[in-house]
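Enquirer: Got a structure for you, query-v7.cif, holding mmCIF, C-alpha atoms.
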data_entry
loop_
_atom_site.group_PDB
_atom_site.id
_atom_site.type_symbol
_atom_site.label_atom_id
_atom_site.label_comp_id
_atom_site.auth_asym_id
_atom_site.auth_seq_id
_atom_site.Cartn_x
_atom_site.Cartn_y
_atom_site.Cartn_z
ATOM 1 C CA MET A 1202 -17.356 -23.160 -4.222
ATOM 2 C CA THR A 1203 -17.193 -19.731 -5.763
ATOM 3 C CA ILE A 1204 -18.382 -16.501 -4.181
ATOM 4 C CA TYR A 1205 -20.264 -14.138 -6.460
ATOM 5 C CA PHE A 1206 -21.255 -10.530 -5.955
ATOM 6 C CA GLU A 1207 -24.766 -11.597 -4.974
ATOM 7 C CA ASP A 1208 -23.428 -13.792 -2.148
ATOM 8 C CA ILE A 1209 -21.746 -10.916 -0.295
ATOM 9 C CA GLU A 1210 -23.729 -9.369 2.541
ATOM 10 C CA GLU A 1211 -23.319 -5.841 3.845
ATOM 11 C CA GLY A 1212 -22.108 -5.943 7.439
ATOM 12 C CA ALA A 1213 -20.447 -9.331 7.063
ATOM 13 C CA ARG A 1214 -17.229 -9.429 9.064
ATOM 14 C CA ARG A 1215 -14.359 -11.828 8.611
ATOM 15 C CA GLU A 1216 -11.213 -12.363 10.671
ATOM 16 C CA LEU A 1217 -8.312 -12.664 8.240
ATOM 17 C CA GLY A 1218 -5.849 -14.059 10.764
ATOM 18 C CA SER A 1219 -2.802 -12.823 12.647
ATOM 19 C CA TYR A 1220 0.782 -12.098 11.695
ATOM 20 C CA SER A 1221 3.822 -11.587 13.925
ATOM 21 C CA PHE A 1222 6.357 -9.043 12.713
ATOM 22 C CA THR A 1223 9.806 -10.387 13.585
ATOM 23 C CA ALA A 1224 12.910 -8.197 13.391
ATOM 24 C CA GLY A 1225 14.158 -10.384 10.539
ATOM 25 C CA GLU A 1226 10.999 -9.994 8.462
ATOM 26 C CA ILE A 1227 10.896 -6.245 9.112
ATOM 27 C CA LYS A 1228 14.474 -5.860 7.890
ATOM 28 C CA ARG A 1229 14.045 -8.124 4.868
ATOM 29 C CA PHE A 1230 11.072 -6.121 3.616
ATOM 30 C CA ALA A 1231 12.848 -2.828 4.337
ATOM 31 C CA GLU A 1232 16.051 -3.838 2.547
ATOM 32 C CA LYS A 1233 14.040 -4.397 -0.593
ATOM 33 C CA PHE A 1234 11.405 -1.672 -0.469
ATOM 34 C CA ASP A 1235 11.899 0.851 2.340
ATOM 35 C CA PRO A 1236 15.556 1.078 3.383
ATOM 36 C CA GLN A 1237 15.222 3.808 5.980
ATOM 37 C CA PRO A 1238 17.343 3.441 9.135
ATOM 38 C CA PHE A 1239 14.421 2.976 11.547
ATOM 39 C CA HIS A 1240 13.253 -0.054 9.503
ATOM 40 C CA LEU A 1241 16.739 -1.592 9.227
ATOM 41 C CA ASP A 1242 18.742 -1.075 12.386
ATOM 42 C CA GLU A 1243 17.736 -1.419 16.046
ATOM 43 C CA GLU A 1244 20.134 1.256 17.276
ATOM 44 C CA ALA A 1245 19.073 3.847 14.702
ATOM 45 C CA ALA A 1246 15.438 2.942 15.369
ATOM 46 C CA ARG A 1247 15.766 3.539 19.117
ATOM 47 C CA ASN A 1248 16.963 7.060 18.353
ATOM 48 C CA SER A 1249 14.129 7.729 15.897
ATOM 49 C CA HIS A 1250 10.552 8.912 16.451
ATOM 50 C CA PHE A 1251 9.483 5.241 16.506
ATOM 51 C CA GLY A 1252 11.600 4.365 19.538
ATOM 52 C CA GLY A 1253 12.308 0.856 18.249
ATOM 53 C CA LEU A 1254 12.660 -1.222 15.092
ATOM 54 C CA ALA A 1255 9.448 -0.505 13.171
ATOM 55 C CA ALA A 1256 7.870 -2.236 10.194
ATOM 56 C CA SER A 1257 7.489 -0.245 6.991
ATOM 57 C CA GLY A 1258 3.892 0.864 6.608
ATOM 58 C CA TRP A 1259 3.924 -0.829 3.219
ATOM 59 C CA HIS A 1260 4.942 -4.056 4.930
ATOM 60 C CA THR A 1261 1.910 -3.750 7.222
ATOM 61 C CA ALA A 1262 -0.249 -3.224 4.133
ATOM 62 C CA SER A 1263 1.325 -6.087 2.168
ATOM 63 C CA VAL A 1264 0.669 -8.488 5.048
ATOM 64 C CA PHE A 1265 -3.011 -7.578 4.778
ATOM 65 C CA MET A 1266 -2.869 -8.758 1.148
ATOM 66 C CA LYS A 1267 -1.087 -11.956 2.210
ATOM 67 C CA LEU A 1268 -3.931 -12.819 4.576
ATOM 68 C CA GLN A 1269 -6.634 -11.601 2.198
ATOM 69 C CA SER A 1270 -5.272 -13.663 -0.689
ATOM 70 C CA ARG A 1271 -5.385 -16.761 1.494
ATOM 71 C CA MET A 1272 -9.084 -16.094 2.033
ATOM 72 C CA ILE A 1273 -9.639 -15.423 -1.672
ATOM 73 C CA GLY A 1274 -7.964 -18.725 -2.482
ATOM 74 C CA GLU A 1275 -10.434 -20.502 -0.242
ATOM 75 C CA LEU A 1276 -13.553 -18.610 -1.270
ATOM 76 C CA ALA A 1277 -13.052 -17.674 -4.901
ATOM 77 C CA PRO A 1278 -10.530 -20.010 -6.497
ATOM 78 C CA ASP A 1279 -11.788 -19.173 -10.003
ATOM 79 C CA VAL A 1280 -9.550 -16.205 -10.744
ATOM 80 C CA ARG A 1281 -11.954 -14.790 -13.306
ATOM 81 C CA LYS A 1282 -14.640 -14.261 -10.680
ATOM 82 C CA SER A 1283 -12.876 -11.930 -8.260
ATOM 83 C CA GLY A 1284 -9.697 -10.097 -7.643
ATOM 84 C CA PRO A 1285 -9.245 -6.807 -9.421
ATOM 85 C CA SER A 1286 -9.286 -3.800 -7.127
ATOM 86 C CA PRO A 1287 -9.601 -0.324 -8.601
ATOM 87 C CA GLY A 1288 -7.932 1.101 -5.503
ATOM 88 C CA TYR A 1289 -8.779 2.196 -1.997
ATOM 89 C CA ARG A 1290 -9.189 5.171 0.257
ATOM 90 C CA ASN A 1291 -8.090 6.675 3.538
ATOM 91 C CA LEU A 1292 -5.313 4.344 4.514
ATOM 92 C CA ARG A 1293 -4.072 5.249 7.992
ATOM 93 C CA TRP A 1294 -1.015 4.097 9.909
ATOM 94 C CA LEU A 1295 -2.156 4.992 13.405
ATOM 95 C CA LYS A 1296 0.578 3.540 15.598
ATOM 96 C CA PRO A 1297 4.006 2.059 14.915
ATOM 97 C CA VAL A 1298 4.276 -1.697 14.369
ATOM 98 C CA LEU A 1299 7.404 -2.717 16.250
ATOM 99 C CA ALA A 1300 9.458 -5.916 16.132
ATOM 100 C CA GLY A 1301 7.624 -8.568 18.146
ATOM 101 C CA ASP A 1302 4.170 -7.101 17.600
ATOM 102 C CA THR A 1303 1.390 -9.388 16.401
ATOM 103 C CA LEU A 1304 -1.425 -7.876 14.337
ATOM 104 C CA ALA A 1305 -4.880 -9.372 13.904
ATOM 105 C CA TYR A 1306 -6.449 -8.271 10.607
ATOM 106 C CA SER A 1307 -10.144 -8.234 9.814
ATOM 107 C CA THR A 1308 -12.448 -6.997 7.084
ATOM 108 C CA GLU A 1309 -16.074 -5.898 7.177
ATOM 109 C CA VAL A 1310 -18.314 -5.284 4.183
ATOM 110 C CA VAL A 1311 -19.493 -1.659 4.263
ATOM 111 C CA SER A 1312 -21.486 -1.482 1.037
ATOM 112 C CA LYS A 1313 -21.805 -2.951 -2.448
ATOM 113 C CA ARG A 1314 -23.261 -1.874 -5.754
ATOM 114 C CA GLU A 1315 -23.631 -3.015 -9.327
ATOM 115 C CA LEU A 1316 -21.561 -1.312 -12.023
ATOM 116 C CA ALA A 1317 -23.629 0.320 -14.740
ATOM 117 C CA SER A 1318 -20.620 0.511 -17.033
ATOM 118 C CA ARG A 1319 -19.611 -3.146 -16.614
ATOM 119 C CA PRO A 1320 -22.715 -5.242 -16.018
ATOM 120 C CA GLU A 1321 -20.740 -8.443 -15.469
ATOM 121 C CA TRP A 1322 -19.145 -7.024 -12.302
ATOM 122 C CA GLY A 1323 -20.171 -5.536 -8.985
ATOM 123 C CA ILE A 1324 -18.010 -3.592 -6.566
ATOM 124 C CA VAL A 1325 -17.733 -4.316 -2.845
ATOM 125 C CA PHE A 1326 -16.422 -1.743 -0.359
ATOM 126 C CA SER A 1327 -14.869 -2.990 2.887
ATOM 127 C CA HIS A 1328 -13.314 -1.535 6.005
ATOM 128 C CA ILE A 1329 -10.032 -3.280 6.777
ATOM 129 C CA THR A 1330 -8.440 -3.013 10.220
ATOM 130 C CA ALA A 1331 -5.413 -4.388 12.067
ATOM 131 C CA VAL A 1332 -5.218 -4.462 15.859
ATOM 132 C CA ASN A 1333 -2.065 -5.233 17.856
ATOM 133 C CA GLN A 1334 -1.652 -7.575 20.835
ATOM 134 C CA ARG A 1335 -2.674 -4.735 23.192
ATOM 135 C CA GLY A 1336 -5.952 -4.255 21.339
ATOM 136 C CA GLU A 1337 -4.832 -0.973 19.765
ATOM 137 C CA LEU A 1338 -5.991 -0.138 16.259
ATOM 138 C CA VAL A 1339 -2.765 0.392 14.298
ATOM 139 C CA PHE A 1340 -3.838 0.297 10.644
ATOM 140 C CA GLU A 1341 -7.006 0.742 8.619
ATOM 141 C CA PHE A 1342 -8.245 1.549 5.137
ATOM 142 C CA GLU A 1343 -11.342 1.436 2.982
ATOM 143 C CA GLY A 1344 -10.842 -1.156 0.280
ATOM 144 C CA SER A 1345 -12.767 -2.022 -2.864
ATOM 145 C CA VAL A 1346 -12.807 -5.210 -4.910
ATOM 146 C CA LEU A 1347 -14.716 -6.266 -8.012
ATOM 147 C CA PHE A 1348 -16.704 -9.500 -7.927
ATOM 148 C CA ALA A 1349 -18.325 -11.241 -10.869
ATOM 149 C CA ARG A 1350 -22.121 -11.273 -10.905
ATOM 150 C CA ARG A 1351 -23.833 -14.608 -10.903
ATOM 151 C CA GLY A 1352 -24.730 -15.770 -14.360
ATOM 152 C CA ALA A 1353 -22.809 -12.982 -16.039
ATOM 153 C CA PRO A 1354 -20.491 -13.937 -18.891
ATOM 154 C CA SER A 1355 -16.856 -14.375 -17.828
ATOM 155 C CA ALA A 1356 -14.964 -11.112 -17.991
ATOM 156 C CA MET B 1262 22.082 18.732 3.988
ATOM 157 C CA THR B 1263 18.751 18.269 5.694
ATOM 158 C CA ILE B 1264 15.398 19.297 4.299
ATOM 159 C CA TYR B 1265 13.003 20.913 6.753
ATOM 160 C CA PHE B 1266 9.310 21.658 6.446
ATOM 161 C CA GLU B 1267 10.093 25.273 5.587
ATOM 162 C CA ASP B 1268 12.229 24.205 2.605
ATOM 163 C CA ILE B 1269 9.413 22.426 0.812
ATOM 164 C CA GLU B 1270 7.589 24.394 -1.869
ATOM 165 C CA GLU B 1271 4.050 23.801 -3.022
ATOM 166 C CA GLY B 1272 4.053 22.767 -6.672
ATOM 167 C CA ALA B 1273 7.571 21.324 -6.523
ATOM 168 C CA ARG B 1274 7.794 18.208 -8.661
ATOM 169 C CA ARG B 1275 10.415 15.503 -8.453
ATOM 170 C CA GLU B 1276 11.071 12.501 -10.658
ATOM 171 C CA LEU B 1277 11.677 9.518 -8.381
ATOM 172 C CA GLY B 1278 13.129 7.259 -11.055
ATOM 173 C CA SER B 1279 12.019 4.219 -13.030
ATOM 174 C CA TYR B 1280 11.607 0.566 -12.213
ATOM 175 C CA SER B 1281 11.196 -2.418 -14.553
ATOM 176 C CA PHE B 1282 8.908 -5.170 -13.353
ATOM 177 C CA THR B 1283 10.434 -8.471 -14.426
ATOM 178 C CA ALA B 1284 8.479 -11.717 -14.282
ATOM 179 C CA GLY B 1285 10.864 -12.929 -11.587
ATOM 180 C CA GLU B 1286 10.347 -9.888 -9.347
ATOM 181 C CA ILE B 1287 6.572 -10.026 -9.830
ATOM 182 C CA LYS B 1288 6.493 -13.674 -8.774
ATOM 183 C CA ARG B 1289 8.856 -13.209 -5.816
ATOM 184 C CA PHE B 1290 6.696 -10.450 -4.350
ATOM 185 C CA ALA B 1291 3.518 -12.427 -5.010
ATOM 186 C CA GLU B 1292 4.815 -15.614 -3.427
ATOM 187 C CA LYS B 1293 5.378 -13.712 -0.215
ATOM 188 C CA PHE B 1294 2.466 -11.277 -0.119
ATOM 189 C CA ASP B 1295 -0.130 -11.835 -2.841
ATOM 190 C CA PRO B 1296 -0.141 -15.452 -4.043
ATOM 191 C CA GLN B 1297 -3.001 -15.202 -6.504
ATOM 192 C CA PRO B 1298 -2.624 -17.152 -9.760
ATOM 193 C CA PHE B 1299 -2.481 -14.091 -12.049
ATOM 194 C CA HIS B 1300 0.560 -12.823 -10.102
ATOM 195 C CA LEU B 1301 2.347 -16.190 -10.045
ATOM 196 C CA ASP B 1302 1.821 -18.095 -13.258
ATOM 197 C CA GLU B 1303 1.932 -16.913 -16.885
ATOM 198 C CA GLU B 1304 -0.634 -19.423 -18.115
ATOM 199 C CA ALA B 1305 -3.167 -18.662 -15.376
ATOM 200 C CA ALA B 1306 -2.543 -14.948 -15.902
ATOM 201 C CA ARG B 1307 -3.276 -15.164 -19.646
ATOM 202 C CA ASN B 1308 -6.671 -16.630 -18.786
ATOM 203 C CA SER B 1309 -7.418 -13.964 -16.162
ATOM 204 C CA HIS B 1310 -8.882 -10.481 -16.497
ATOM 205 C CA PHE B 1311 -5.299 -9.135 -16.670
ATOM 206 C CA GLY B 1312 -4.420 -11.055 -19.838
ATOM 207 C CA GLY B 1313 -0.817 -11.577 -18.722
ATOM 208 C CA LEU B 1314 1.431 -11.903 -15.676
ATOM 209 C CA ALA B 1315 0.565 -8.830 -13.591
ATOM 210 C CA ALA B 1316 2.319 -7.269 -10.612
ATOM 211 C CA SER B 1317 0.450 -7.157 -7.317
ATOM 212 C CA GLY B 1318 -0.895 -3.669 -6.712
ATOM 213 C CA TRP B 1319 0.958 -3.733 -3.404
ATOM 214 C CA HIS B 1320 4.169 -4.428 -5.304
ATOM 215 C CA THR B 1321 3.536 -1.340 -7.443
ATOM 216 C CA ALA B 1322 3.012 0.643 -4.239
ATOM 217 C CA SER B 1323 6.056 -0.795 -2.459
ATOM 218 C CA VAL B 1324 8.279 0.142 -5.409
ATOM 219 C CA PHE B 1325 7.138 3.737 -4.935
ATOM 220 C CA MET B 1326 8.481 3.525 -1.376
ATOM 221 C CA LYS B 1327 11.732 2.024 -2.654
ATOM 222 C CA LEU B 1328 12.294 5.010 -4.924
ATOM 223 C CA GLN B 1329 10.995 7.524 -2.376
ATOM 224 C CA SER B 1330 13.288 6.195 0.362
ATOM 225 C CA ARG B 1331 16.266 6.609 -1.947
ATOM 226 C CA MET B 1332 15.311 10.270 -2.302
ATOM 227 C CA ILE B 1333 14.778 10.628 1.462
ATOM 228 C CA GLY B 1334 18.221 9.159 2.061
ATOM 229 C CA GLU B 1335 19.719 11.839 -0.159
ATOM 230 C CA LEU B 1336 17.659 14.781 1.102
ATOM 231 C CA ALA B 1337 16.928 14.037 4.751
ATOM 232 C CA PRO B 1338 19.510 11.627 6.120
ATOM 233 C CA ASP B 1339 18.753 12.670 9.696
ATOM 234 C CA VAL B 1340 15.999 10.191 10.483
ATOM 235 C CA ARG B 1341 14.543 12.379 13.186
ATOM 236 C CA LYS B 1342 13.703 15.118 10.692
ATOM 237 C CA SER B 1343 11.372 13.293 8.305
ATOM 238 C CA GLY B 1344 9.739 10.011 7.670
ATOM 239 C CA PRO B 1345 6.555 9.281 9.544
ATOM 240 C CA SER B 1346 3.463 9.206 7.385
ATOM 241 C CA PRO B 1347 0.036 9.222 8.997
ATOM 242 C CA GLY B 1348 -1.412 7.596 5.887
ATOM 243 C CA TYR B 1349 -2.719 8.507 2.461
ATOM 244 C CA ARG B 1350 -5.806 8.795 0.361
ATOM 245 C CA ASN B 1351 -7.362 7.732 -2.885
ATOM 246 C CA LEU B 1352 -4.900 5.161 -4.095
ATOM 247 C CA ARG B 1353 -5.868 4.027 -7.585
ATOM 248 C CA TRP B 1354 -4.597 1.124 -9.668
ATOM 249 C CA LEU B 1355 -5.717 2.357 -13.071
ATOM 250 C CA LYS B 1356 -4.173 -0.178 -15.434
ATOM 251 C CA PRO B 1357 -2.435 -3.528 -14.968
ATOM 252 C CA VAL B 1358 1.356 -3.537 -14.594
ATOM 253 C CA LEU B 1359 2.500 -6.510 -16.674
ATOM 254 C CA ALA B 1360 5.827 -8.329 -16.767
ATOM 255 C CA GLY B 1361 8.251 -6.234 -18.806
ATOM 256 C CA ASP B 1362 6.573 -2.916 -18.035
ATOM 257 C CA THR B 1363 8.712 -0.027 -16.814
ATOM 258 C CA LEU B 1364 7.107 2.575 -14.575
ATOM 259 C CA ALA B 1365 8.387 6.114 -14.041
ATOM 260 C CA TYR B 1366 7.324 7.448 -10.636
ATOM 261 C CA SER B 1367 7.060 11.090 -9.676
ATOM 262 C CA THR B 1368 5.793 13.193 -6.791
ATOM 263 C CA GLU B 1369 4.436 16.724 -6.694
ATOM 264 C CA VAL B 1370 3.817 18.797 -3.572
ATOM 265 C CA VAL B 1371 0.120 19.719 -3.444
ATOM 266 C CA SER B 1372 -0.044 21.570 -0.128
ATOM 267 C CA LYS B 1373 1.565 21.833 3.298
ATOM 268 C CA ARG B 1374 0.547 23.065 6.690
ATOM 269 C CA GLU B 1375 1.824 23.375 10.244
ATOM 270 C CA LEU B 1376 0.386 21.083 12.908
ATOM 271 C CA ALA B 1377 -1.241 22.922 15.791
ATOM 272 C CA SER B 1378 -1.140 19.796 17.938
ATOM 273 C CA ARG B 1379 2.552 19.068 17.313
ATOM 274 C CA PRO B 1380 4.414 22.333 16.764
ATOM 275 C CA GLU B 1381 7.716 20.617 16.007
ATOM 276 C CA TRP B 1382 6.259 19.055 12.845
ATOM 277 C CA GLY B 1383 4.561 20.112 9.637
ATOM 278 C CA ILE B 1384 2.655 17.919 7.204
ATOM 279 C CA VAL B 1385 3.218 17.857 3.451
ATOM 280 C CA PHE B 1386 0.630 16.476 1.029
ATOM 281 C CA SER B 1387 1.819 15.148 -2.335
ATOM 282 C CA HIS B 1388 0.338 13.625 -5.461
ATOM 283 C CA ILE B 1389 2.275 10.507 -6.441
ATOM 284 C CA THR B 1390 1.967 9.050 -9.935
ATOM 285 C CA ALA B 1391 3.458 6.211 -11.968
ATOM 286 C CA VAL B 1392 3.377 6.169 -15.775
ATOM 287 C CA ASN B 1393 4.271 3.177 -17.936
ATOM 288 C CA GLN B 1394 6.498 3.055 -21.010
ATOM 289 C CA ARG B 1395 3.515 3.956 -23.220
ATOM 290 C CA GLY B 1396 2.887 7.122 -21.202
ATOM 291 C CA GLU B 1397 -0.242 5.699 -19.554
ATOM 292 C CA LEU B 1398 -0.994 6.658 -15.964
ATOM 293 C CA VAL B 1399 -1.224 3.323 -14.131
ATOM 294 C CA PHE B 1400 -1.032 4.249 -10.431
ATOM 295 C CA GLU B 1401 -1.603 7.281 -8.246
ATOM 296 C CA PHE B 1402 -2.346 8.310 -4.695
ATOM 297 C CA GLU B 1403 -2.356 11.329 -2.406
ATOM 298 C CA GLY B 1404 0.388 10.886 0.169
ATOM 299 C CA SER B 1405 1.263 12.737 3.350
ATOM 300 C CA VAL B 1406 4.538 12.917 5.256
ATOM 301 C CA LEU B 1407 5.602 14.761 8.395
ATOM 302 C CA PHE B 1408 8.680 16.980 8.248
ATOM 303 C CA ALA B 1409 10.454 18.591 11.185
ATOM 304 C CA ARG B 1410 10.227 22.367 11.392
ATOM 305 C CA ARG B 1411 13.449 24.330 11.305
ATOM 306 C CA GLY B 1412 14.699 25.161 14.769
ATOM 307 C CA ALA B 1413 12.113 22.959 16.463
ATOM 308 C CA PRO B 1414 13.366 20.593 19.169
ATOM 309 C CA SER B 1415 14.024 17.076 17.892
ATOM 310 C CA ALA B 1416 10.945 14.904 18.136
#
Go ahead and render the structure in this file as structure tokens.

Expert:
Amino acid sequence: MTIYFEDIEEGARRELGSYSFTAGEIKRFAEKFDPQPFHLDEEAARNSHFGGLAASGWHTASVFMKLQSRMIGELAPDVRKSGPSPGYRNLRWLKPVLAGDTLAYSTEVVSKRELASRPEWGIVFSHITAVNQRGELVFEFEGSVLFARRGAPSA
Amino acid sequence: MTIYFEDIEEGARRELGSYSFTAGEIKRFAEKFDPQPFHLDEEAARNSHFGGLAASGWHTASVFMKLQSRMIGELAPDVRKSGPSPGYRNLRWLKPVLAGDTLAYSTEVVSKRELASRPEWGIVFSHITAVNQRGELVFEFEGSVLFARRGAPSA
């Protein structure tokens, strides 16, 4: 089964799944990509504005992609039919993600349109959110992804 | 030496350094956070819209943070004086980053303002860019970071 641009409905919402941020995972990501003390060390983190060991915001974002790519693998396994994203807008880190927090990610289709310049593709805009175990919105952004149009030649 | 909000000048530009995306690094990031075939396998990638093994866009973004955090460590080692980012805008992946590419990242201060709601902090807006070894702009976004104001009580 392959999902094409025409199959995507505005308003469609999908739960992407949950992810628990352990202290070990937070530190491993931070060592590689964001080695600031409040992402690496519990004691330094307690004395920081976060008040506890906090995940890098880029870790929170990368976990979205982890869950999203699992969905893509299920829905659009033909890599020529979906995938490229030109970018996104208005990413917000609203609350800290601390060690032990579990985030539930979801995505909702906001709008879609055909591309005049590239008739074999359409673009889909989605609102991505992550909510913690207390129901607080901690992370959101407006994403965009290209999808192949049905019957169009392969890109 | 600690950098405060008052020390930051609009228009100031800083080179953050370069990073070479090896096939191994691209695959290691993808295995963990973006396991799509064009980020994992050369053969699948050649047959994809990227035409070759391509770094996850979130890898490109995380490497920005790697280079930025190195600069923060040098300029603002007191973790209570800088760090939190409320989010950013208009992130664009303009061209694929392929195995073997080297990106040079830089940041330029666009504007800054005090925060009426939180007088101990100011917010600094920057334009972040990454250019490949052919001089092509491949990645950009508009970032924001909070900085402590000089003489303000610690947050």

Enquirer: Smallest atom-to-atom distance to Asn1351 of chain B: which of B:Arg1289, B:Arg1275, B:Ile1389, B:Tyr1265, using all atoms listed in the file?

Expert: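 Checking each of B:Arg1289, B:Arg1275, B:Ile1389, B:Tyr1265 against Asn1351 of chain B, counting all atoms listed in the file, the winner is B:Ile1389.
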
Enquirer: Closest to Lys1296 of chain A among A:Phe1326, A:Phe1265, A:Phe1251, A:Phe1348, using all atoms listed in the file?

Expert: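 Under the stated criterion, the closest residue is A:Phe1251.
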
Enquirer: For chain A, which residue among B:Thr1368, B:Ser1309, B:Thr1263, B:Ser1279 is the nearest when counting only C-alpha atoms?

Expert: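 Among the listed residues, the smallest separation from chain A belongs to B:Ser1309.
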
Enquirer: Write down, as a PyMOL selection string, each residue of chain B that has any atom within 7 Å of an atom of chain A, counting only C-alpha atoms.

Expert: chain B and resi 1294-1297+1309-1310+1319+1323-1324+1326-1327+1330+1340-1341+1347-1355+1416

Enquirer: Using all atoms listed in the file, which residues of segment 1330-1404 of chain B come within 10 Å of segment 1285-1288 of chain B, and what is the closest atom pair for each, with the distance in Å to one decimal? Give it as a tab-separated table, sorted by chain and residue number.

Expert:
residue	atom	partner	partner_atom	distance
B:Val1358	CA	B:Ile1287	CA	9.6
B:Leu1359	CA	B:Ile1287	CA	8.7
B:Ala1360	CA	B:Ile1287	CA	7.2
B:Gly1361	CA	B:Ile1287	CA	9.9

Enquirer: I need the residues from that last selection saved to file as a PDB file, keeping the file's coordinate frame (with C-alpha atoms), if you can.

Expert:
ATOM      1  CA  VAL B1358       1.356  -3.537 -14.594  1.00  0.00           C
ATOM      2  CA  LEU B1359       2.500  -6.510 -16.674  1.00  0.00           C
ATOM      3  CA  ALA B1360       5.827  -8.329 -16.767  1.00  0.00           C
ATOM      4  CA  GLY B1361       8.251  -6.234 -18.806  1.00  0.00           C
TER       5      GLY B1361
END

Enquirer: If the PyMOL selection byres ((chain A and resi 1338) around 10) is run on the structure shown, which residues does it catch, given as a PyMOL selection string?

Expert: chain A and resi 1294-1296+1304-1306+1330-1337+1339-1341

Enquirer: Just how far from atom CA of Arg1214 of chain A is atom CA of Ser1327 of chain A, in Å to one decimal?

Expert: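 For atom CA of Ser1327 of chain A relative to atom CA of Arg1214 of chain A, the distance reads 9.2 Å.
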
Enquirer: Identify all residues satisfying the PyMOL selection byres ((chain B and resi 1267) around 9) in the given file; provide them as a list in words.

Expert: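 Output of the PyMOL selection byres ((chain B and resi 1267) around 9): Ile1264, Tyr1265, Phe1266, Asp1268, Ile1269, Glu1270, Gly1383, Phe1408, Ala1409, Arg1410 and Arg1411 of chain B.
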
Enquirer: Mind pulling up the distance from atom CA of Met1332 of chain B to atom CA of Gly1272 of chain B?

Expert: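 Those two atoms sit 17.4 Å apart.
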
Enquirer: One decimal, in Å: what's the spacing between atom CA of Leu1407 of chain B and atom CA of Leu1241 of chain A?

Expert: 19.8 Å
